[in-house]
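Trainee: Supplied structure: query03.pdb, PDB, N, CA and C atoms.
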```pdb
ATOM      1  N   MET A   1      96.911  15.310 133.158
ATOM      2  CA  MET A   1      97.471  16.615 132.910
ATOM      3  C   MET A   1      97.895  16.687 131.439
ATOM      4  N   THR A   2      97.470  17.729 130.739
ATOM      5  CA  THR A   2      97.787  17.901 129.337
ATOM      6  C   THR A   2      98.967  18.846 129.191
ATOM      7  N   GLU A   3      99.958  18.387 128.450
ATOM      8  CA  GLU A   3     101.107  19.245 128.186
ATOM      9  C   GLU A   3     100.881  19.983 126.878
ATOM     10  N   THR A   4     101.224  21.268 126.852
ATOM     11  CA  THR A   4     101.158  22.012 125.611
ATOM     12  C   THR A   4     102.576  22.251 125.123
ATOM     13  N   THR A   5     102.755  22.062 123.859
ATOM     14  CA  THR A   5     104.061  22.269 123.255
ATOM     15  C   THR A   5     104.139  23.700 122.761
ATOM     16  N   THR A   6     105.189  24.384 123.159
ATOM     17  CA  THR A   6     105.393  25.741 122.689
ATOM     18  C   THR A   6     106.299  25.704 121.478
ATOM     19  N   ASN A   7     105.827  26.276 120.401
ATOM     20  CA  ASN A   7     106.629  26.433 119.199
ATOM     21  C   ASN A   7     107.147  27.857 119.177
ATOM     22  N   TRP A   8     108.421  28.006 118.921
ATOM     23  CA  TRP A   8     109.035  29.332 118.886
ATOM     24  C   TRP A   8     109.274  29.728 117.434
ATOM     25  N   LEU A   9     108.579  30.761 116.999
ATOM     26  CA  LEU A   9     108.697  31.313 115.657
ATOM     27  C   LEU A   9     109.854  32.300 115.619
ATOM     28  N   ALA A  10     110.827  32.065 114.750
ATOM     29  CA  ALA A  10     111.927  33.023 114.561
ATOM     30  C   ALA A  10     111.365  34.198 113.770
ATOM     31  N   ALA A  11     111.173  35.334 114.440
ATOM     32  CA  ALA A  11     110.502  36.482 113.835
ATOM     33  C   ALA A  11     111.458  37.375 113.045
ATOM     34  N   CYS A  12     112.630  37.670 113.620
ATOM     35  CA  CYS A  12     113.599  38.548 112.966
ATOM     36  C   CYS A  12     114.892  38.554 113.761
ATOM     37  N   ARG A  13     115.891  39.190 113.241
ATOM     38  CA  ARG A  13     117.125  39.440 113.977
ATOM     39  C   ARG A  13     116.921  40.691 114.818
ATOM     40  N   VAL A  14     117.568  40.772 115.956
ATOM     41  CA  VAL A  14     117.440  41.935 116.839
ATOM     42  C   VAL A  14     117.755  43.225 116.084
ATOM     43  N   GLU A  15     118.821  43.224 115.299
ATOM     44  CA  GLU A  15     119.236  44.450 114.609
ATOM     45  C   GLU A  15     118.270  44.886 113.509
ATOM     46  N   ASP A  16     117.350  44.003 113.098
ATOM     47  CA  ASP A  16     116.377  44.351 112.062
ATOM     48  C   ASP A  16     115.067  44.907 112.627
ATOM     49  N   ALA A  17     114.923  44.902 113.936
ATOM     50  CA  ALA A  17     113.684  45.376 114.566
ATOM     51  C   ALA A  17     113.595  46.895 114.517
ATOM     52  N   VAL A  18     112.370  47.387 114.530
ATOM     53  CA  VAL A  18     112.112  48.825 114.568
ATOM     54  C   VAL A  18     112.243  49.290 116.010
ATOM     55  N   GLU A  19     113.124  50.252 116.257
ATOM     56  CA  GLU A  19     113.291  50.762 117.618
ATOM     57  C   GLU A  19     112.074  51.579 118.035
ATOM     58  N   ASN A  20     111.582  51.304 119.257
ATOM     59  CA  ASN A  20     110.425  51.993 119.819
ATOM     60  C   ASN A  20     109.232  51.982 118.879
ATOM     61  N   GLY A  21     109.009  50.840 118.241
ATOM     62  CA  GLY A  21     107.896  50.686 117.330
ATOM     63  C   GLY A  21     107.589  49.231 117.089
ATOM     64  N   GLY A  22     106.744  48.983 116.102
ATOM     65  CA  GLY A  22     106.312  47.623 115.837
ATOM     66  C   GLY A  22     106.372  47.244 114.380
ATOM     67  N   VAL A  23     106.308  45.943 114.160
ATOM     68  CA  VAL A  23     106.226  45.367 112.821
ATOM     69  C   VAL A  23     105.209  44.231 112.862
ATOM     70  N   CYS A  24     104.703  43.878 111.705
ATOM     71  CA  CYS A  24     103.764  42.768 111.598
ATOM     72  C   CYS A  24     104.515  41.520 111.155
ATOM     73  N   VAL A  25     104.263  40.414 111.853
ATOM     74  CA  VAL A  25     104.863  39.125 111.535
ATOM     75  C   VAL A  25     103.729  38.177 111.157
ATOM     76  N   LYS A  26     103.833  37.555 109.987
ATOM     77  CA  LYS A  26     102.818  36.590 109.561
ATOM     78  C   LYS A  26     103.197  35.201 110.050
ATOM     79  N   TYR A  27     102.207  34.501 110.596
ATOM     80  CA  TYR A  27     102.375  33.113 111.012
ATOM     81  C   TYR A  27     101.145  32.358 110.530
ATOM     82  N   GLY A  28     101.266  31.677 109.412
ATOM     83  CA  GLY A  28     100.095  31.040 108.814
ATOM     84  C   GLY A  28      99.083  32.114 108.452
ATOM     85  N   GLU A  29      97.883  31.984 108.980
ATOM     86  CA  GLU A  29      96.837  32.985 108.742
ATOM     87  C   GLU A  29      96.837  34.093 109.797
ATOM     88  N   GLU A  30      97.673  33.941 110.834
ATOM     89  CA  GLU A  30      97.725  34.935 111.907
ATOM     90  C   GLU A  30      98.654  36.083 111.557
ATOM     91  N   GLN A  31      98.299  37.258 112.070
ATOM     92  CA  GLN A  31      99.193  38.405 112.027
ATOM     93  C   GLN A  31      99.528  38.770 113.468
ATOM     94  N   ILE A  32     100.823  38.838 113.761
ATOM     95  CA  ILE A  32     101.290  39.140 115.112
ATOM     96  C   ILE A  32     102.061  40.454 115.070
ATOM     97  N   ALA A  33     101.739  41.352 115.991
ATOM     98  CA  ALA A  33     102.459  42.617 116.102
ATOM     99  C   ALA A  33     103.627  42.409 117.068
ATOM    100  N   LEU A  34     104.829  42.696 116.599
ATOM    101  CA  LEU A  34     106.029  42.558 117.411
ATOM    102  C   LEU A  34     106.569  43.951 117.706
ATOM    103  N   PHE A  35     106.784  44.242 118.994
ATOM    104  CA  PHE A  35     107.229  45.564 119.420
ATOM    105  C   PHE A  35     108.572  45.485 120.133
ATOM    106  N   TYR A  36     109.452  46.410 119.781
ATOM    107  CA  TYR A  36     110.739  46.562 120.456
ATOM    108  C   TYR A  36     110.709  47.907 121.170
ATOM    109  N   PHE A  37     110.491  47.843 122.475
ATOM    110  CA  PHE A  37     110.399  49.045 123.312
ATOM    111  C   PHE A  37     111.818  49.364 123.769
ATOM    112  N   THR A  38     112.560  50.025 122.895
ATOM    113  CA  THR A  38     113.988  50.265 123.099
ATOM    114  C   THR A  38     114.265  51.015 124.396
ATOM    115  N   ARG A  39     113.460  52.023 124.693
ATOM    116  CA  ARG A  39     113.684  52.834 125.899
ATOM    117  C   ARG A  39     113.639  51.993 127.174
ATOM    118  N   ARG A  40     112.903  50.880 127.135
ATOM    119  CA  ARG A  40     112.803  49.986 128.288
ATOM    120  C   ARG A  40     113.608  48.699 128.093
ATOM    121  N   ASN A  41     114.198  48.550 126.905
ATOM    122  CA  ASN A  41     114.898  47.329 126.533
ATOM    123  C   ASN A  41     114.012  46.097 126.735
ATOM    124  N   GLU A  42     112.775  46.185 126.215
ATOM    125  CA  GLU A  42     111.785  45.113 126.365
ATOM    126  C   GLU A  42     111.158  44.794 125.010
ATOM    127  N   TRP A  43     110.747  43.541 124.862
ATOM    128  CA  TRP A  43     110.097  43.040 123.657
ATOM    129  C   TRP A  43     108.701  42.555 124.007
ATOM    130  N   TYR A  44     107.745  42.799 123.114
ATOM    131  CA  TYR A  44     106.362  42.352 123.317
ATOM    132  C   TYR A  44     105.788  41.885 121.988
ATOM    133  N   ALA A  45     104.828  40.979 122.065
ATOM    134  CA  ALA A  45     104.101  40.547 120.872
ATOM    135  C   ALA A  45     102.623  40.436 121.234
ATOM    136  N   THR A  46     101.780  40.918 120.332
ATOM    137  CA  THR A  46     100.327  40.870 120.520
ATOM    138  C   THR A  46      99.683  40.495 119.181
ATOM    139  N   GLN A  47      98.398  40.248 119.234
ATOM    140  CA  GLN A  47      97.679  40.106 117.969
ATOM    141  C   GLN A  47      97.791  41.446 117.234
ATOM    142  N   ASN A  48      97.739  41.417 115.931
ATOM    143  CA  ASN A  48      97.819  42.652 115.148
ATOM    144  C   ASN A  48      96.446  43.281 114.949
ATOM    145  N   GLU A  49      95.400  42.499 115.128
ATOM    146  CA  GLU A  49      94.041  42.982 114.873
ATOM    147  C   GLU A  49      93.496  43.796 116.042
ATOM    148  N   CYS A  50      93.078  45.031 115.750
ATOM    149  CA  CYS A  50      92.391  45.835 116.760
ATOM    150  C   CYS A  50      90.986  45.258 116.938
ATOM    151  N   PRO A  51      90.543  45.018 118.167
ATOM    152  CA  PRO A  51      89.239  44.383 118.375
ATOM    153  C   PRO A  51      88.036  45.272 118.061
ATOM    154  N   HIS A  52      88.231  46.550 117.856
ATOM    155  CA  HIS A  52      87.085  47.440 117.637
ATOM    156  C   HIS A  52      86.479  47.312 116.242
ATOM    157  N   LYS A  53      87.281  47.491 115.223
ATOM    158  CA  LYS A  53      86.753  47.406 113.862
ATOM    159  C   LYS A  53      87.436  46.322 113.048
ATOM    160  N   LYS A  54      88.141  45.423 113.755
ATOM    161  CA  LYS A  54      88.778  44.268 113.118
ATOM    162  C   LYS A  54      89.794  44.684 112.052
ATOM    163  N   GLN A  55      90.521  45.761 112.291
ATOM    164  CA  GLN A  55      91.552  46.204 111.366
ATOM    165  C   GLN A  55      92.917  45.697 111.826
ATOM    166  N   MET A  56      93.725  45.239 110.886
ATOM    167  CA  MET A  56      95.077  44.763 111.181
ATOM    168  C   MET A  56      96.000  45.973 111.261
ATOM    169  N   ALA A  57      96.084  46.574 112.450
ATOM    170  CA  ALA A  57      96.763  47.860 112.541
ATOM    171  C   ALA A  57      97.601  48.066 113.794
ATOM    172  N   LEU A  58      97.524  47.192 114.774
ATOM    173  CA  LEU A  58      98.213  47.473 116.039
ATOM    174  C   LEU A  58      99.723  47.589 115.879
ATOM    175  N   SER A  59     100.309  46.880 114.918
ATOM    176  CA  SER A  59     101.756  46.964 114.719
ATOM    177  C   SER A  59     102.191  48.363 114.297
ATOM    178  N   ARG A  60     101.258  49.163 113.807
ATOM    179  CA  ARG A  60     101.558  50.540 113.413
ATOM    180  C   ARG A  60     101.201  51.542 114.509
ATOM    181  N   GLY A  61     100.775  51.031 115.666
ATOM    182  CA  GLY A  61     100.387  51.904 116.764
ATOM    183  C   GLY A  61     101.583  52.494 117.499
ATOM    184  N   MET A  62     101.317  53.534 118.252
ATOM    185  CA  MET A  62     102.356  54.195 119.035
ATOM    186  C   MET A  62     102.498  53.498 120.380
ATOM    187  N   ILE A  63     103.745  53.176 120.759
ATOM    188  CA  ILE A  63     103.963  52.572 122.063
ATOM    189  C   ILE A  63     104.409  53.632 123.058
ATOM    190  N   GLY A  64     104.159  53.358 124.315
ATOM    191  CA  GLY A  64     104.516  54.270 125.396
ATOM    192  C   GLY A  64     104.158  53.622 126.716
ATOM    193  N   THR A  65     103.889  54.438 127.714
ATOM    194  CA  THR A  65     103.486  53.915 129.022
ATOM    195  C   THR A  65     102.325  54.713 129.573
ATOM    196  N   ILE A  66     101.535  54.054 130.390
ATOM    197  CA  ILE A  66     100.505  54.680 131.211
ATOM    198  C   ILE A  66     100.797  54.203 132.623
ATOM    199  N   THR A  67     101.146  55.122 133.502
ATOM    200  CA  THR A  67     101.575  54.803 134.872
ATOM    201  C   THR A  67     102.529  53.609 134.891
ATOM    202  N   ASP A  68     103.558  53.685 134.091
ATOM    203  CA  ASP A  68     104.629  52.699 133.957
ATOM    204  C   ASP A  68     104.189  51.376 133.327
ATOM    205  N   GLU A  69     102.963  51.272 132.862
ATOM    206  CA  GLU A  69     102.490  50.072 132.158
ATOM    207  C   GLU A  69     102.779  50.258 130.669
ATOM    208  N   PRO A  70     103.607  49.379 130.054
ATOM    209  CA  PRO A  70     103.856  49.508 128.622
ATOM    210  C   PRO A  70     102.577  49.265 127.835
ATOM    211  N   LYS A  71     102.335  50.119 126.830
ATOM    212  CA  LYS A  71     101.070  50.023 126.093
ATOM    213  C   LYS A  71     101.286  50.351 124.629
ATOM    214  N   VAL A  72     100.298  49.960 123.826
ATOM    215  CA  VAL A  72     100.235  50.346 122.423
ATOM    216  C   VAL A  72      98.874  50.997 122.212
ATOM    217  N   ALA A  73      98.862  52.075 121.409
ATOM    218  CA  ALA A  73      97.616  52.763 121.070
ATOM    219  C   ALA A  73      97.271  52.432 119.619
ATOM    220  N   CYS A  74      96.050  51.993 119.383
ATOM    221  CA  CYS A  74      95.597  51.714 118.019
ATOM    222  C   CYS A  74      95.719  52.999 117.205
ATOM    223  N   PRO A  75      96.324  52.940 116.011
ATOM    224  CA  PRO A  75      96.493  54.161 115.228
ATOM    225  C   PRO A  75      95.180  54.743 114.704
ATOM    226  N   PHE A  76      94.119  53.948 114.681
ATOM    227  CA  PHE A  76      92.841  54.440 114.187
ATOM    228  C   PHE A  76      91.907  54.918 115.290
ATOM    229  N   HIS A  77      91.846  54.170 116.398
ATOM    230  CA  HIS A  77      90.851  54.451 117.431
ATOM    231  C   HIS A  77      91.443  55.047 118.708
ATOM    232  N   LYS A  78      92.777  55.039 118.802
ATOM    233  CA  LYS A  78      93.496  55.576 119.966
ATOM    234  C   LYS A  78      93.197  54.822 121.256
ATOM    235  N   MET A  79      92.643  53.614 121.143
ATOM    236  CA  MET A  79      92.430  52.794 122.330
ATOM    237  C   MET A  79      93.776  52.227 122.756
ATOM    238  N   ASN A  80      94.036  52.228 124.059
ATOM    239  CA  ASN A  80      95.305  51.763 124.599
ATOM    240  C   ASN A  80      95.175  50.359 125.159
ATOM    241  N   PHE A  81      96.166  49.500 124.825
ATOM    242  CA  PHE A  81      96.187  48.127 125.303
ATOM    243  C   PHE A  81      97.518  47.852 125.983
ATOM    244  N   SER A  82      97.467  47.131 127.109
ATOM    245  CA  SER A  82      98.685  46.734 127.809
ATOM    246  C   SER A  82      99.475  45.770 126.933
ATOM    247  N   LEU A  83     100.761  46.040 126.779
ATOM    248  CA  LEU A  83     101.616  45.124 126.040
ATOM    249  C   LEU A  83     101.946  43.882 126.859
ATOM    250  N   LYS A  84     101.774  43.951 128.175
ATOM    251  CA  LYS A  84     102.044  42.798 129.046
ATOM    252  C   LYS A  84     100.868  41.836 129.102
ATOM    253  N   THR A  85      99.661  42.382 129.318
ATOM    254  CA  THR A  85      98.495  41.527 129.565
ATOM    255  C   THR A  85      97.461  41.534 128.443
ATOM    256  N   GLY A  86      97.496  42.550 127.578
ATOM    257  CA  GLY A  86      96.497  42.683 126.528
ATOM    258  C   GLY A  86      95.251  43.438 126.964
ATOM    259  N   GLU A  87      95.150  43.744 128.248
ATOM    260  CA  GLU A  87      93.979  44.446 128.784
ATOM    261  C   GLU A  87      93.822  45.814 128.127
ATOM    262  N   CYS A  88      92.559  46.201 127.863
ATOM    263  CA  CYS A  88      92.279  47.528 127.344
ATOM    264  C   CYS A  88      92.436  48.527 128.489
ATOM    265  N   LEU A  89      93.328  49.495 128.328
ATOM    266  CA  LEU A  89      93.594  50.490 129.373
ATOM    267  C   LEU A  89      92.734  51.732 129.201
ATOM    268  N   SER A  90      91.846  51.710 128.203
ATOM    269  CA  SER A  90      90.977  52.852 127.928
ATOM    270  C   SER A  90      89.581  52.664 128.501
ATOM    271  N   GLY A  91      89.389  51.577 129.265
ATOM    272  CA  GLY A  91      88.110  51.371 129.934
ATOM    273  C   GLY A  91      87.132  50.456 129.218
ATOM    274  N   ASP A  92      87.423  50.038 127.995
ATOM    275  CA  ASP A  92      86.509  49.155 127.274
ATOM    276  C   ASP A  92      86.638  47.725 127.798
ATOM    277  N   GLU A  93      85.645  46.914 127.519
ATOM    278  CA  GLU A  93      85.600  45.527 127.973
ATOM    279  C   GLU A  93      86.209  44.570 126.956
ATOM    280  N   CYS A  94      87.221  45.008 126.257
ATOM    281  CA  CYS A  94      87.866  44.130 125.279
ATOM    282  C   CYS A  94      89.333  43.970 125.653
ATOM    283  N   ALA A  95      89.965  43.003 125.040
ATOM    284  CA  ALA A  95      91.387  42.751 125.295
ATOM    285  C   ALA A  95      91.995  42.173 124.027
ATOM    286  N   ILE A  96      93.326  42.172 123.976
ATOM    287  CA  ILE A  96      94.029  41.578 122.848
ATOM    288  C   ILE A  96      94.895  40.425 123.346
ATOM    289  N   LYS A  97      95.183  39.512 122.456
ATOM    290  CA  LYS A  97      96.022  38.366 122.780
ATOM    291  C   LYS A  97      97.480  38.811 122.836
ATOM    292  N   THR A  98      98.230  38.278 123.797
ATOM    293  CA  THR A  98      99.658  38.549 123.891
ATOM    294  C   THR A  98     100.416  37.235 123.739
ATOM    295  N   TYR A  99     101.674  37.345 123.331
ATOM    296  CA  TYR A  99     102.527  36.187 123.108
ATOM    297  C   TYR A  99     103.849  36.386 123.845
ATOM    298  N   PRO A 100     104.399  35.338 124.422
ATOM    299  CA  PRO A 100     105.745  35.436 125.005
ATOM    300  C   PRO A 100     106.785  35.686 123.906
ATOM    301  N   VAL A 101     107.827  36.421 124.277
ATOM    302  CA  VAL A 101     108.930  36.728 123.358
ATOM    303  C   VAL A 101     110.239  36.399 124.062
ATOM    304  N   LYS A 102     111.189  35.841 123.313
ATOM    305  CA  LYS A 102     112.523  35.613 123.880
ATOM    306  C   LYS A 102     113.568  35.955 122.819
ATOM    307  N   ILE A 103     114.756  36.274 123.308
ATOM    308  CA  ILE A 103     115.883  36.580 122.440
ATOM    309  C   ILE A 103     116.947  35.519 122.686
ATOM    310  N   GLU A 104     117.421  34.895 121.607
ATOM    311  CA  GLU A 104     118.505  33.908 121.699
ATOM    312  C   GLU A 104     119.447  34.108 120.525
ATOM    313  N   ASP A 105     120.712  34.273 120.826
ATOM    314  CA  ASP A 105     121.747  34.404 119.797
ATOM    315  C   ASP A 105     121.402  35.467 118.752
ATOM    316  N   GLY A 106     120.839  36.583 119.206
ATOM    317  CA  GLY A 106     120.544  37.687 118.303
ATOM    318  C   GLY A 106     119.272  37.539 117.485
ATOM    319  N   THR A 107     118.494  36.480 117.729
ATOM    320  CA  THR A 107     117.232  36.262 117.022
ATOM    321  C   THR A 107     116.070  36.471 117.983
ATOM    322  N   VAL A 108     115.016  37.119 117.504
ATOM    323  CA  VAL A 108     113.796  37.344 118.276
ATOM    324  C   VAL A 108     112.820  36.227 117.968
ATOM    325  N   TYR A 109     112.339  35.542 119.011
ATOM    326  CA  TYR A 109     111.387  34.440 118.860
ATOM    327  C   TYR A 109     110.067  34.798 119.539
ATOM    328  N   ILE A 110     108.973  34.386 118.903
ATOM    329  CA  ILE A 110     107.632  34.563 119.453
ATOM    330  C   ILE A 110     107.051  33.186 119.700
ATOM    331  N   ALA A 111     106.486  32.963 120.894
ATOM    332  CA  ALA A 111     105.873  31.670 121.224
ATOM    333  C   ALA A 111     104.494  31.580 120.569
ATOM    334  N   VAL A 112     104.330  30.561 119.753
ATOM    335  CA  VAL A 112     103.043  30.315 119.100
ATOM    336  C   VAL A 112     102.665  28.860 119.328
ATOM    337  N   ASN A 113     101.368  28.573 119.403
ATOM    338  CA  ASN A 113     100.917  27.192 119.602
ATOM    339  C   ASN A 113     100.130  26.730 118.400
TER     340      ASN A 113
END
```
Spell out the structure here as structure tokens.
Mentor:
Amino acid sequence: MTETTTNWLAACRVEDAVENGGVCVKYGEEQIALFYFTRRNEWYATQNECPHKKQMALSRGMIGTITDEPKVACPFHKMNFSLKTGECLSGDECAIKTYPVKIEDGTVYIAVN
């Protein structure tokens, strides 16, 4: 059995997050979109790259819900992705990577490997 070590990236302080929106967090060569869904009091992290035209834009997308599923819409293509699973909710056969998020002592952490 192989154990994987989870590294927790300190992304920002809770009070510095954008309410009901997203920001881009750099981790090495990766760009991670971090979302604070204030209306639901929930945090999500996904890849920042939209899979359609490979643009780093999801952190600037609009968040909301589709039948109570939290989602982000790409600001360029309007494709909707689940913030929980990364599944494309617009019917396409693509998905985005999601990352676990936790809050400890007022700091937002993203799980990266």
Trainee: Take the PyMOL selection byres ((chain A and resi 84-86) around 7), run it mentally on this structure, and tell me the resulting residues as a PDB file with N, CA and C atoms, keeping the file's coordinate frame.
Mentor:
```
ATOM      1  N   TYR A  44     107.745  42.799 123.114  1.00  0.00           N
ATOM      2  CA  TYR A  44     106.362  42.352 123.317  1.00  0.00           C
ATOM      3  C   TYR A  44     105.788  41.885 121.988  1.00  0.00           C
ATOM      4  N   GLU A  69     102.963  51.272 132.862  1.00  0.00           N
ATOM      5  CA  GLU A  69     102.490  50.072 132.158  1.00  0.00           C
ATOM      6  C   GLU A  69     102.779  50.258 130.669  1.00  0.00           C
ATOM      7  N   PRO A  70     103.607  49.379 130.054  1.00  0.00           N
ATOM      8  CA  PRO A  70     103.856  49.508 128.622  1.00  0.00           C
ATOM      9  C   PRO A  70     102.577  49.265 127.835  1.00  0.00           C
ATOM     10  N   LYS A  71     102.335  50.119 126.830  1.00  0.00           N
ATOM     11  CA  LYS A  71     101.070  50.023 126.093  1.00  0.00           C
ATOM     12  C   LYS A  71     101.286  50.351 124.629  1.00  0.00           C
ATOM     13  N   PHE A  81      96.166  49.500 124.825  1.00  0.00           N
ATOM     14  CA  PHE A  81      96.187  48.127 125.303  1.00  0.00           C
ATOM     15  C   PHE A  81      97.518  47.852 125.983  1.00  0.00           C
ATOM     16  N   SER A  82      97.467  47.131 127.109  1.00  0.00           N
ATOM     17  CA  SER A  82      98.685  46.734 127.809  1.00  0.00           C
ATOM     18  C   SER A  82      99.475  45.770 126.933  1.00  0.00           C
ATOM     19  N   LEU A  83     100.761  46.040 126.779  1.00  0.00           N
ATOM     20  CA  LEU A  83     101.616  45.124 126.040  1.00  0.00           C
ATOM     21  C   LEU A  83     101.946  43.882 126.859  1.00  0.00           C
ATOM     22  N   GLU A  87      95.150  43.744 128.248  1.00  0.00           N
ATOM     23  CA  GLU A  87      93.979  44.446 128.784  1.00  0.00           C
ATOM     24  C   GLU A  87      93.822  45.814 128.127  1.00  0.00           C
ATOM     25  N   CYS A  88      92.559  46.201 127.863  1.00  0.00           N
ATOM     26  CA  CYS A  88      92.279  47.528 127.344  1.00  0.00           C
ATOM     27  C   CYS A  88      92.436  48.527 128.489  1.00  0.00           C
ATOM     28  N   LEU A  89      93.328  49.495 128.328  1.00  0.00           N
ATOM     29  CA  LEU A  89      93.594  50.490 129.373  1.00  0.00           C
ATOM     30  C   LEU A  89      92.734  51.732 129.201  1.00  0.00           C
ATOM     31  N   CYS A  94      87.221  45.008 126.257  1.00  0.00           N
ATOM     32  CA  CYS A  94      87.866  44.130 125.279  1.00  0.00           C
ATOM     33  C   CYS A  94      89.333  43.970 125.653  1.00  0.00           C
ATOM     34  N   ALA A  95      89.965  43.003 125.040  1.00  0.00           N
ATOM     35  CA  ALA A  95      91.387  42.751 125.295  1.00  0.00           C
ATOM     36  C   ALA A  95      91.995  42.173 124.027  1.00  0.00           C
ATOM     37  N   ILE A  96      93.326  42.172 123.976  1.00  0.00           N
ATOM     38  CA  ILE A  96      94.029  41.578 122.848  1.00  0.00           C
ATOM     39  C   ILE A  96      94.895  40.425 123.346  1.00  0.00           C
ATOM     40  N   LYS A  97      95.183  39.512 122.456  1.00  0.00           N
ATOM     41  CA  LYS A  97      96.022  38.366 122.780  1.00  0.00           C
ATOM     42  C   LYS A  97      97.480  38.811 122.836  1.00  0.00           C
ATOM     43  N   THR A  98      98.230  38.278 123.797  1.00  0.00           N
ATOM     44  CA  THR A  98      99.658  38.549 123.891  1.00  0.00           C
ATOM     45  C   THR A  98     100.416  37.235 123.739  1.00  0.00           C
TER      46      THR A  98
END
```
Trainee: Distance atom CA of Thr107 of chain A-atom CA of Arg13 of chain A, one decimal place?
Mentor: 4.4 Å
Trainee: Give the helix (DSSP H, G or I) residues of chain A, as assigned by DSSP on the backbone, as an mmCIF file with N, CA and C atoms, in the coordinates of the input.
Mentor:
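File selection-v2.cif, as written:
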```
data_model
loop_
_atom_site.group_PDB
_atom_site.id
_atom_site.type_symbol
_atom_site.label_atom_id
_atom_site.label_comp_id
_atom_site.auth_asym_id
_atom_site.auth_seq_id
_atom_site.Cartn_x
_atom_site.Cartn_y
_atom_site.Cartn_z
ATOM 1 N N VAL A 14 117.568 40.772 115.956
ATOM 2 C CA VAL A 14 117.440 41.935 116.839
ATOM 3 C C VAL A 14 117.755 43.225 116.084
ATOM 4 N N GLU A 15 118.821 43.224 115.299
ATOM 5 C CA GLU A 15 119.236 44.450 114.609
ATOM 6 C C GLU A 15 118.270 44.886 113.509
ATOM 7 N N ASP A 16 117.350 44.003 113.098
ATOM 8 C CA ASP A 16 116.377 44.351 112.062
ATOM 9 C C ASP A 16 115.067 44.907 112.627
ATOM 10 N N THR A 38 112.560 50.025 122.895
ATOM 11 C CA THR A 38 113.988 50.265 123.099
ATOM 12 C C THR A 38 114.265 51.015 124.396
ATOM 13 N N ARG A 39 113.460 52.023 124.693
ATOM 14 C CA ARG A 39 113.684 52.834 125.899
ATOM 15 C C ARG A 39 113.639 51.993 127.174
ATOM 16 N N ARG A 40 112.903 50.880 127.135
ATOM 17 C CA ARG A 40 112.803 49.986 128.288
ATOM 18 C C ARG A 40 113.608 48.699 128.093
ATOM 19 N N LEU A 58 97.524 47.192 114.774
ATOM 20 C CA LEU A 58 98.213 47.473 116.039
ATOM 21 C C LEU A 58 99.723 47.589 115.879
ATOM 22 N N SER A 59 100.309 46.880 114.918
ATOM 23 C CA SER A 59 101.756 46.964 114.719
ATOM 24 C C SER A 59 102.191 48.363 114.297
ATOM 25 N N ARG A 60 101.258 49.163 113.807
ATOM 26 C CA ARG A 60 101.558 50.540 113.413
ATOM 27 C C ARG A 60 101.201 51.542 114.509
#
```
Trainee: Report the distance between atom CA of Lys102 of chain A and atom CA of Glu49 of chain A in Å, rounded to one decimal place.
Mentor: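 Those two atoms sit 21.8 Å apart.
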Trainee: Could you list the residues chosen by the PyMOL selection byres ((chain A and resi 34) around 5) in this structure as a PyMOL selection string?
Mentor: chain A and resi 22-23+32-33+35-36+44-45
Trainee: Between atom CA of Ile66 of chain A and atom CA of Cys50 of chain A, what is the distance, to one decimal in Å?
Mentor: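 Separating atom CA of Ile66 of chain A from atom CA of Cys50 of chain A is a distance of 18.8 Å.
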Trainee: Box in all listed atoms of segment 81-93 of chain A, axis-aligned, with 6 Å more on each side; write out centre and edge lengths in Å to one decimal as JSON.
Mentor:
```
{"center_x": 93.8, "center_y": 47.2, "center_z": 127.4, "size_x": 28.4, "size_y": 23.3, "size_z": 17.1}
```
